[in-house]
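Step one of this worksheet: look at the structure below.
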Amino acid sequence: MSNVIARLNQVTAGYNGDAVLRNVSIDIHSEDFIGIIGPNGGGKTTMVKTLLGILEPFRGSIDFPQGKIKIGYLPQASQIDRSFPITVKEVVQSGLKPKTRWLPTFTHEQKQSVERLLEETGLAAYIHRPIGELSGGQLQRVLLCRALINQPQLLVLDEPNTYVDKNFEGELYQWLQELNQKMAILLISHDVGTISSIVKTIACVNGTLHYHHSNKITPELLKVYNCPIDLIAHGNVPHRVLKKHD
Amino acid sequence: MSEFIALFEYRFFQNALIASVLISILAAMIGTYIVSRKIVFISGGITHASFGGIGIAYFMGINPFLGAAIFAILTGTSIEWISNKGKVREDSAIAILWSLGMALGIIFVFMTPGYTPNLMSFLFGSILSVGQSDIMIMIILTTITALFFIIYYRPIVYSAFDPEFSKINGLPVAFFRYAMSVLIALAIVISIRAMGIILVLSIFTIPQSTAMLFTHNFRKIIPLSVLWGLTGSLSGLFAAYAVNIPSGAAIIFMLTIQYAIIKGLMLLKMAIKTGKDRS
């Protein structure tokens, strides 16, 4: 296929010499919506960090066949210090690409785009508020705005549904489906049941990667690859999974 | 009253006043970064490790604050390096550098033949003995820091808030984090001259905490910290003179009292408000 925008090629990666991820290969196309599932410590975040270029792979390569692409990134909520004295506007602005690397000044249009995006997402009233005053869902929305402000071709989300209420979760998934019209999306989650209904394909990461070119979760997938082990911890999710198989 | 006016005619008191103003401005900028990034403990490590440099400098017969600056910069940048590598527990590494620096300082001061310097003035500072050359260094460092903050405000804040995201976005995060650790080290060392090793962190944290009672906007915390740093250190300076107590301790006392009064007033205001809402 010609519309591959990013490719992991036999990537082995990890921390301090220990490989968490072994020989992982995947093609990401411009219209993909991939759900990445797998147990904690299975290498989901490692894979994404390698793709984002913040972690050097031990072996293998990351290629962008159509040239460098813009990637929007939403980190895990635990990575954000909510007591840091920074305003909503500043957070979203920090996602803008400055014209020069060493003197980050933004154009008038760029500044306007921040305000416009915050308005569109219903955050206009919070623009000058420090992030410490926001709810979990509002903060996630702000961080998603930061990821989107550059109009990326690929959006990477690491567990966007932690620390948010169910209400926002539904809203988020709808939003992601709209965004998928314009960009490829990589969504990490351990909540298999929910994401299987919104993603187009599922990749299972547990040391190695097993890519399923559909969004159906089969018992084989769970058993054969011993994949989302922490499913057991999520009360009603396995039930939902079995239902889907019917 | 006339006694107070006469005070301003003394050179040493003029110098102390100028030093208070300069340190308040410098510490407001650096301290806001320290408090926001929650690296007060790292700054404590830098402060105490610098004593090793003071001891060695005495032993070798060079300017003790040059030795302190070198030690402080080395400590600050190595802690930043350690926390990036993540192989050693950062807090343990800080504790080791912290106590090693103090130990080296004591050993070398002890080994220095002849005149033994007054340890007390390093531990507790002496703002009243700040000289013309100290003031010059303070002016230069405050100017450099202010320019750095004005020009690079955004990358400084972004790389402190979310270094990983900023790195992905193409910001030279490592440069700004190392540059800041050098500025932190230098600001601490020059302030030790006035406040002493044990007391110096107060001017980098208490005015910021007071400012954060009013705002959680990085940009606004800095000028508010200048204000609270100034009122605290100037009133401390006068109190020290009036009751004849050490100036460093008096300044900290005033900074804390200031914080406590404002916090108390805010709690009171809130209590009244909730009382009204209930009735």
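Chain labels run A, B, ... following the order of the structure tokens; each chain numbers its residues from 1, and ligands are numbered from 1 in the order shown.
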List every residue of region 23-219 of chain A that DSSP, applied to the backbone, labels as strand (DSSP E), and write the result as a count of residues only.
42
Tell me, as JSON, numbers by chain, which residues lie within 6 Å of region 15-24 of chain B, counting only C-alpha atoms; anything in the same chain fewer than 4 positions away does not count.
{"B": [28, 127, 128, 226, 229, 230]}
What does the file look like for those residues with N, CA and C atoms, as a compact mmCIF listing (two decimals), in the first residue's frame?
```txt
# COMPACT_ATOMS: atom_id res chain seq x y z
N ALA B 28 13.43 35.51 43.19
CA ALA B 28 12.04 35.40 42.74
C ALA B 28 11.96 34.60 41.45
N ILE B 127 24.74 39.60 55.70
CA ILE B 127 24.36 40.56 54.67
C ILE B 127 24.98 41.93 54.94
N LEU B 128 25.31 42.18 56.20
CA LEU B 128 25.88 43.48 56.56
C LEU B 128 27.35 43.60 56.16
N VAL B 226 8.88 38.83 43.93
CA VAL B 226 9.79 39.97 44.12
C VAL B 226 9.23 40.84 45.24
N GLY B 229 9.41 39.04 48.61
CA GLY B 229 10.82 38.91 49.00
C GLY B 229 11.35 40.25 49.51
N LEU B 230 10.97 41.33 48.83
CA LEU B 230 11.43 42.66 49.22
C LEU B 230 10.88 43.07 50.58
```
Report as CSV: every residue of chain B with an atom at most 6 Å from chain A, its closest pair of atoms, and their distance in Å to one decimal, counting only C-alpha atoms, with rows sorted by chain and ascending residue number.
```
residue,atom,partner,partner_atom,distance
B:Ser36,CA,A:Phe84,CA,5.6
B:His216,CA,A:Pro85,CA,4.6
B:Asn217,CA,A:Pro85,CA,5.0
B:Phe218,CA,A:Pro85,CA,5.2
```
For Asp165 (chain A), the nearest of the candidates A:Pro152, A:Gly122, A:Gly136, A:Gly193, counting only C-alpha atoms:
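Ranked by minimum distance to Asp165 (chain A), first place goes to A:Gly136.
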Hey, which of B:Met136, B:Ile184, B:Met29, B:Met60 ends up closest to Thr77 (chain B)? Count only C-alpha atoms.
B:Ile184
Please provide as a tab-separated table (two decimals) with C-alpha atoms, in the first residue's frame all residues within 10 Å of Ile30 (chain B), with the sequence filter that same-chain residues fewer than 6 positions apart are discarded (counting only C-alpha atoms).
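Final output, saved to out.tsv:
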```
chain	number	residue	atom	x	y	z
B	142	THR	CA	20.47	39.25	38.13
B	145	THR	CA	18.95	35.76	34.63
B	146	ALA	CA	16.30	38.39	33.91
B	149	PHE	CA	13.80	34.60	31.55
B	180	MET	CA	18.65	26.46	34.45
B	181	SER	CA	20.66	24.22	36.77
B	183	LEU	CA	21.69	29.56	36.93
B	184	ILE	CA	20.19	27.93	40.05
B	185	ALA	CA	23.70	27.04	41.27
B	187	ALA	CA	22.03	32.25	42.26
B	188	ILE	CA	22.29	30.08	45.36
B	204	PHE	CA	13.96	30.90	47.10
B	205	THR	CA	10.81	29.29	48.51
B	208	GLN	CA	7.03	32.00	46.11
B	222	ILE	CA	7.61	36.00	39.68
```
Just how far from CA of Leu154 (chain A) is CA of Gln174 (chain A), in Å to one decimal?
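Those two atoms sit 17.2 Å apart.
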Set the distance at 12 Å and use only C-alpha atoms: which residues neighbour Ile96 (chain B) once local chain neighbours fewer than 6 positions away are removed? I'd like the list as a ChimeraX atom specification.
/B:42,44-46,48-49,75,79,88-90,102-104
Selected residues written out with N, CA and C atoms, as a JSON list (two decimals), in the first residue's frame:
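That gives us out_36.json:
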```json
[["chain", "number", "residue", "atom", "x", "y", "z"],
["B", 42, "ILE", "N", 16.61, 19.21, 45.56],
["B", 42, "ILE", "CA", 17.80, 19.30, 44.70],
["B", 42, "ILE", "C", 18.56, 20.59, 45.03],
["B", 44, "GLY", "N", 18.58, 22.17, 47.80],
["B", 44, "GLY", "CA", 19.23, 21.97, 49.10],
["B", 44, "GLY", "C", 20.55, 21.24, 48.91],
["B", 45, "GLY", "N", 20.55, 20.24, 48.03],
["B", 45, "GLY", "CA", 21.76, 19.49, 47.74],
["B", 45, "GLY", "C", 22.84, 20.40, 47.16],
["B", 46, "ILE", "N", 22.45, 21.22, 46.20],
["B", 46, "ILE", "CA", 23.39, 22.15, 45.58],
["B", 46, "ILE", "C", 23.98, 23.10, 46.63],
["B", 48, "HIS", "N", 24.29, 22.80, 49.95],
["B", 48, "HIS", "CA", 25.19, 22.22, 50.94],
["B", 48, "HIS", "C", 26.46, 21.68, 50.31],
["B", 49, "ALA", "N", 26.32, 21.13, 49.09],
["B", 49, "ALA", "CA", 27.52, 20.62, 48.41],
["B", 49, "ALA", "C", 28.52, 21.74, 48.16],
["B", 75, "THR", "N", 27.50, 20.06, 41.03],
["B", 75, "THR", "CA", 26.44, 19.29, 41.70],
["B", 75, "THR", "C", 25.13, 19.42, 40.93],
["B", 79, "ILE", "N", 23.26, 16.28, 39.10],
["B", 79, "ILE", "CA", 21.95, 15.79, 39.51],
["B", 79, "ILE", "C", 21.00, 15.74, 38.31],
["B", 88, "VAL", "N", 20.52, 5.71, 39.03],
["B", 88, "VAL", "CA", 20.67, 5.82, 40.47],
["B", 88, "VAL", "C", 19.42, 6.52, 40.99],
["B", 89, "ARG", "N", 18.98, 6.15, 42.18],
["B", 89, "ARG", "CA", 17.86, 6.86, 42.76],
["B", 89, "ARG", "C", 18.25, 8.31, 42.98],
["B", 90, "GLU", "N", 17.45, 9.21, 42.42],
["B", 90, "GLU", "CA", 17.82, 10.61, 42.43],
["B", 90, "GLU", "C", 17.94, 11.15, 43.86],
["B", 102, "MET", "N", 29.45, 18.88, 52.49],
["B", 102, "MET", "CA", 29.63, 19.41, 53.84],
["B", 102, "MET", "C", 30.89, 18.80, 54.47],
["B", 103, "ALA", "N", 31.07, 17.48, 54.30],
["B", 103, "ALA", "CA", 32.22, 16.80, 54.90],
["B", 103, "ALA", "C", 33.52, 17.36, 54.34],
["B", 104, "LEU", "N", 33.59, 17.49, 53.00],
["B", 104, "LEU", "CA", 34.80, 18.02, 52.36],
["B", 104, "LEU", "C", 35.10, 19.43, 52.87]]
```
List the spatial neighbours of Phe13 (chain B) as a VMD selection string - criterion: any atom at most 12 Å away, only C-alpha atoms, same-chain residues fewer than 5 positions off excluded.
chain B and resid 4 to 8 18 to 20 126 to 132 234 237 to 238 240 to 241 247
Hey, can you spit out that residue selection with C-alpha atoms as an mmCIF file, in the first residue's frame?
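So part.cif came out as:
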```
data_model
loop_
_atom_site.group_PDB
_atom_site.id
_atom_site.type_symbol
_atom_site.label_atom_id
_atom_site.label_comp_id
_atom_site.auth_asym_id
_atom_site.auth_seq_id
_atom_site.Cartn_x
_atom_site.Cartn_y
_atom_site.Cartn_z
ATOM 1 C CA PHE B 4 17.054 55.215 61.350
ATOM 2 C CA ILE B 5 17.851 57.972 58.905
ATOM 3 C CA ALA B 6 21.454 57.985 60.038
ATOM 4 C CA LEU B 7 21.529 54.276 59.295
ATOM 5 C CA PHE B 8 21.159 54.974 55.592
ATOM 6 C CA ILE B 18 21.024 46.955 47.613
ATOM 7 C CA ALA B 19 21.925 43.297 48.153
ATOM 8 C CA SER B 20 18.448 42.604 49.586
ATOM 9 C CA SER B 126 26.244 38.144 56.861
ATOM 10 C CA ILE B 127 24.360 40.560 54.669
ATOM 11 C CA LEU B 128 25.881 43.482 56.560
ATOM 12 C CA SER B 129 29.369 42.582 55.340
ATOM 13 C CA VAL B 130 28.446 42.388 51.649
ATOM 14 C CA GLY B 131 31.008 44.403 49.712
ATOM 15 C CA GLN B 132 31.122 46.375 46.478
ATOM 16 C CA LEU B 234 13.771 44.764 54.134
ATOM 17 C CA LEU B 237 16.898 43.934 57.935
ATOM 18 C CA PHE B 238 15.389 46.779 59.959
ATOM 19 C CA ALA B 240 17.663 42.932 62.917
ATOM 20 C CA TYR B 241 19.077 46.392 63.472
ATOM 21 C CA SER B 247 19.995 39.663 59.934
#
```
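Pairwise distance (CA of Arg219 (chain B), CA of Ala69 (chain B)) equals 27.9 Å.
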Show me, as a PDB file with N, CA and C atoms, in the first residue's frame, the residues that have an atom within 10 Å of Arg59 (chain A) when counting only C-alpha atoms, minus same-chain residues fewer than 5 positions from it.
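So the final result, stored in selection-v9.pdb, reads:
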```
ATOM      1  N   ASN A   9      10.194  -1.038  11.896  1.00  0.00           N
ATOM      2  CA  ASN A   9      10.836  -2.094  11.144  1.00  0.00           C
ATOM      3  C   ASN A   9      11.704  -2.938  12.072  1.00  0.00           C
ATOM      4  N   GLN A  10      11.205  -4.115  12.469  1.00  0.00           N
ATOM      5  CA  GLN A  10      11.970  -5.047  13.320  1.00  0.00           C
ATOM      6  C   GLN A  10      12.577  -4.329  14.537  1.00  0.00           C
ATOM      7  N   VAL A  11      11.736  -3.579  15.251  1.00  0.00           N
ATOM      8  CA  VAL A  11      12.254  -2.762  16.347  1.00  0.00           C
ATOM      9  C   VAL A  11      12.369  -3.572  17.643  1.00  0.00           C
ATOM     10  N   THR A  12      13.552  -3.499  18.248  1.00  0.00           N
ATOM     11  CA  THR A  12      13.759  -4.034  19.593  1.00  0.00           C
ATOM     12  C   THR A  12      14.139  -2.840  20.467  1.00  0.00           C
ATOM     13  N   ALA A  13      13.405  -2.640  21.558  1.00  0.00           N
ATOM     14  CA  ALA A  13      13.656  -1.458  22.376  1.00  0.00           C
ATOM     15  C   ALA A  13      13.360  -1.745  23.842  1.00  0.00           C
ATOM     16  N   ALA A  19      15.491  -5.399  26.955  1.00  0.00           N
ATOM     17  CA  ALA A  19      14.502  -5.225  25.896  1.00  0.00           C
ATOM     18  C   ALA A  19      13.104  -5.517  26.431  1.00  0.00           C
ATOM     19  N   ARG A  22      10.314  -6.753  21.424  1.00  0.00           N
ATOM     20  CA  ARG A  22      11.234  -7.510  20.563  1.00  0.00           C
ATOM     21  C   ARG A  22      10.694  -7.650  19.142  1.00  0.00           C
ATOM     22  N   ASN A  23      11.528  -7.263  18.159  1.00  0.00           N
ATOM     23  CA  ASN A  23      11.228  -7.474  16.741  1.00  0.00           C
ATOM     24  C   ASN A  23       9.827  -7.045  16.337  1.00  0.00           C
TER      25      ASN A  23
END
```
For Asn206 (chain A): contacts at 7 Å, only C-alpha atoms, fewer than 4 positions along chain excluded, given as a compact mmCIF listing (two decimals) with C-alpha atoms, in the first residue's frame:
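The result, written out as result_39.txt:
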```txt
# COMPACT_ATOMS: atom_id res chain seq x y z
CA GLY A 38 -1.76 -5.51 26.11
CA PRO A 39 -0.87 -6.05 29.75
CA GLY A 42 4.01 -5.43 27.93
CA GLY A 43 5.65 -2.59 26.02
CA CYS A 227 -2.49 -10.89 25.58
```
Using DSSP on the backbone coordinates, identify the residues of region 39-152 of chain A assigned to helix (DSSP H, G or I); present them as a ChimeraX atom specification.
/A:44-52,77-79,88-93,108-120,124-126,131-133,136-148
Can you write out the residues you just picked, keeping C-alpha atoms, as an mmCIF file, in the first residue's frame?
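So result_18.cif came out as:
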```cif
data_model
loop_
_atom_site.group_PDB
_atom_site.id
_atom_site.type_symbol
_atom_site.label_atom_id
_atom_site.label_comp_id
_atom_site.auth_asym_id
_atom_site.auth_seq_id
_atom_site.Cartn_x
_atom_site.Cartn_y
_atom_site.Cartn_z
ATOM 1 C CA LYS A 44 2.740 -0.446 24.785
ATOM 2 C CA THR A 45 4.262 2.814 25.975
ATOM 3 C CA THR A 46 7.762 1.697 24.948
ATOM 4 C CA MET A 47 6.538 1.119 21.415
ATOM 5 C CA VAL A 48 4.929 4.537 21.258
ATOM 6 C CA LYS A 49 7.999 6.280 22.687
ATOM 7 C CA THR A 50 10.159 4.616 20.061
ATOM 8 C CA LEU A 51 7.789 5.779 17.347
ATOM 9 C CA LEU A 52 7.865 9.319 18.778
ATOM 10 C CA ALA A 77 -2.292 11.432 32.750
ATOM 11 C CA SER A 78 0.121 10.372 35.497
ATOM 12 C CA GLN A 79 2.913 12.134 33.625
ATOM 13 C CA VAL A 88 -4.730 26.339 29.841
ATOM 14 C CA LYS A 89 -3.646 28.727 27.088
ATOM 15 C CA GLU A 90 0.044 28.166 27.811
ATOM 16 C CA VAL A 91 -0.391 24.393 27.753
ATOM 17 C CA VAL A 92 -2.055 24.439 24.340
ATOM 18 C CA GLN A 93 0.487 26.957 23.028
ATOM 19 C CA HIS A 108 -0.536 36.006 15.209
ATOM 20 C CA GLU A 109 -2.313 33.214 13.301
ATOM 21 C CA GLN A 110 -0.797 30.583 15.559
ATOM 22 C CA LYS A 111 -1.999 32.408 18.669
ATOM 23 C CA GLN A 112 -5.447 32.775 17.144
ATOM 24 C CA SER A 113 -5.543 29.094 16.303
ATOM 25 C CA VAL A 114 -5.070 28.304 20.004
ATOM 26 C CA GLU A 115 -8.025 30.463 20.966
ATOM 27 C CA ARG A 116 -10.146 29.060 18.166
ATOM 28 C CA LEU A 117 -9.442 25.456 19.131
ATOM 29 C CA LEU A 118 -10.232 26.159 22.783
ATOM 30 C CA GLU A 119 -13.494 27.759 21.738
ATOM 31 C CA GLU A 120 -14.443 24.833 19.509
ATOM 32 C CA ALA A 124 -12.988 29.180 26.094
ATOM 33 C CA ALA A 125 -14.095 30.024 29.623
ATOM 34 C CA TYR A 126 -11.033 28.317 31.072
ATOM 35 C CA ILE A 131 -4.643 23.603 35.025
ATOM 36 C CA GLY A 132 -4.926 22.754 38.723
ATOM 37 C CA GLU A 133 -8.494 24.106 38.693
ATOM 38 C CA GLY A 136 -9.867 15.273 34.957
ATOM 39 C CA GLY A 137 -11.929 15.370 31.774
ATOM 40 C CA GLN A 138 -11.278 19.062 31.180
ATOM 41 C CA LEU A 139 -7.539 18.558 31.585
ATOM 42 C CA GLN A 140 -7.578 15.663 29.124
ATOM 43 C CA ARG A 141 -9.413 17.887 26.662
ATOM 44 C CA VAL A 142 -6.770 20.603 27.110
ATOM 45 C CA LEU A 143 -3.976 18.082 26.576
ATOM 46 C CA LEU A 144 -5.732 16.763 23.494
ATOM 47 C CA CYS A 145 -5.928 20.342 22.189
ATOM 48 C CA ARG A 146 -2.175 20.617 22.761
ATOM 49 C CA ALA A 147 -1.696 17.443 20.713
ATOM 50 C CA LEU A 148 -3.964 18.713 17.922
#
```
Can you work out which one of B:Ile206, B:Ile54, B:Leu186, B:Ala174 has the shortest atom-to-atom distance to Val40 (chain B), counting only C-alpha atoms?
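The closest residue to Val40 (chain B) is B:Ile206.
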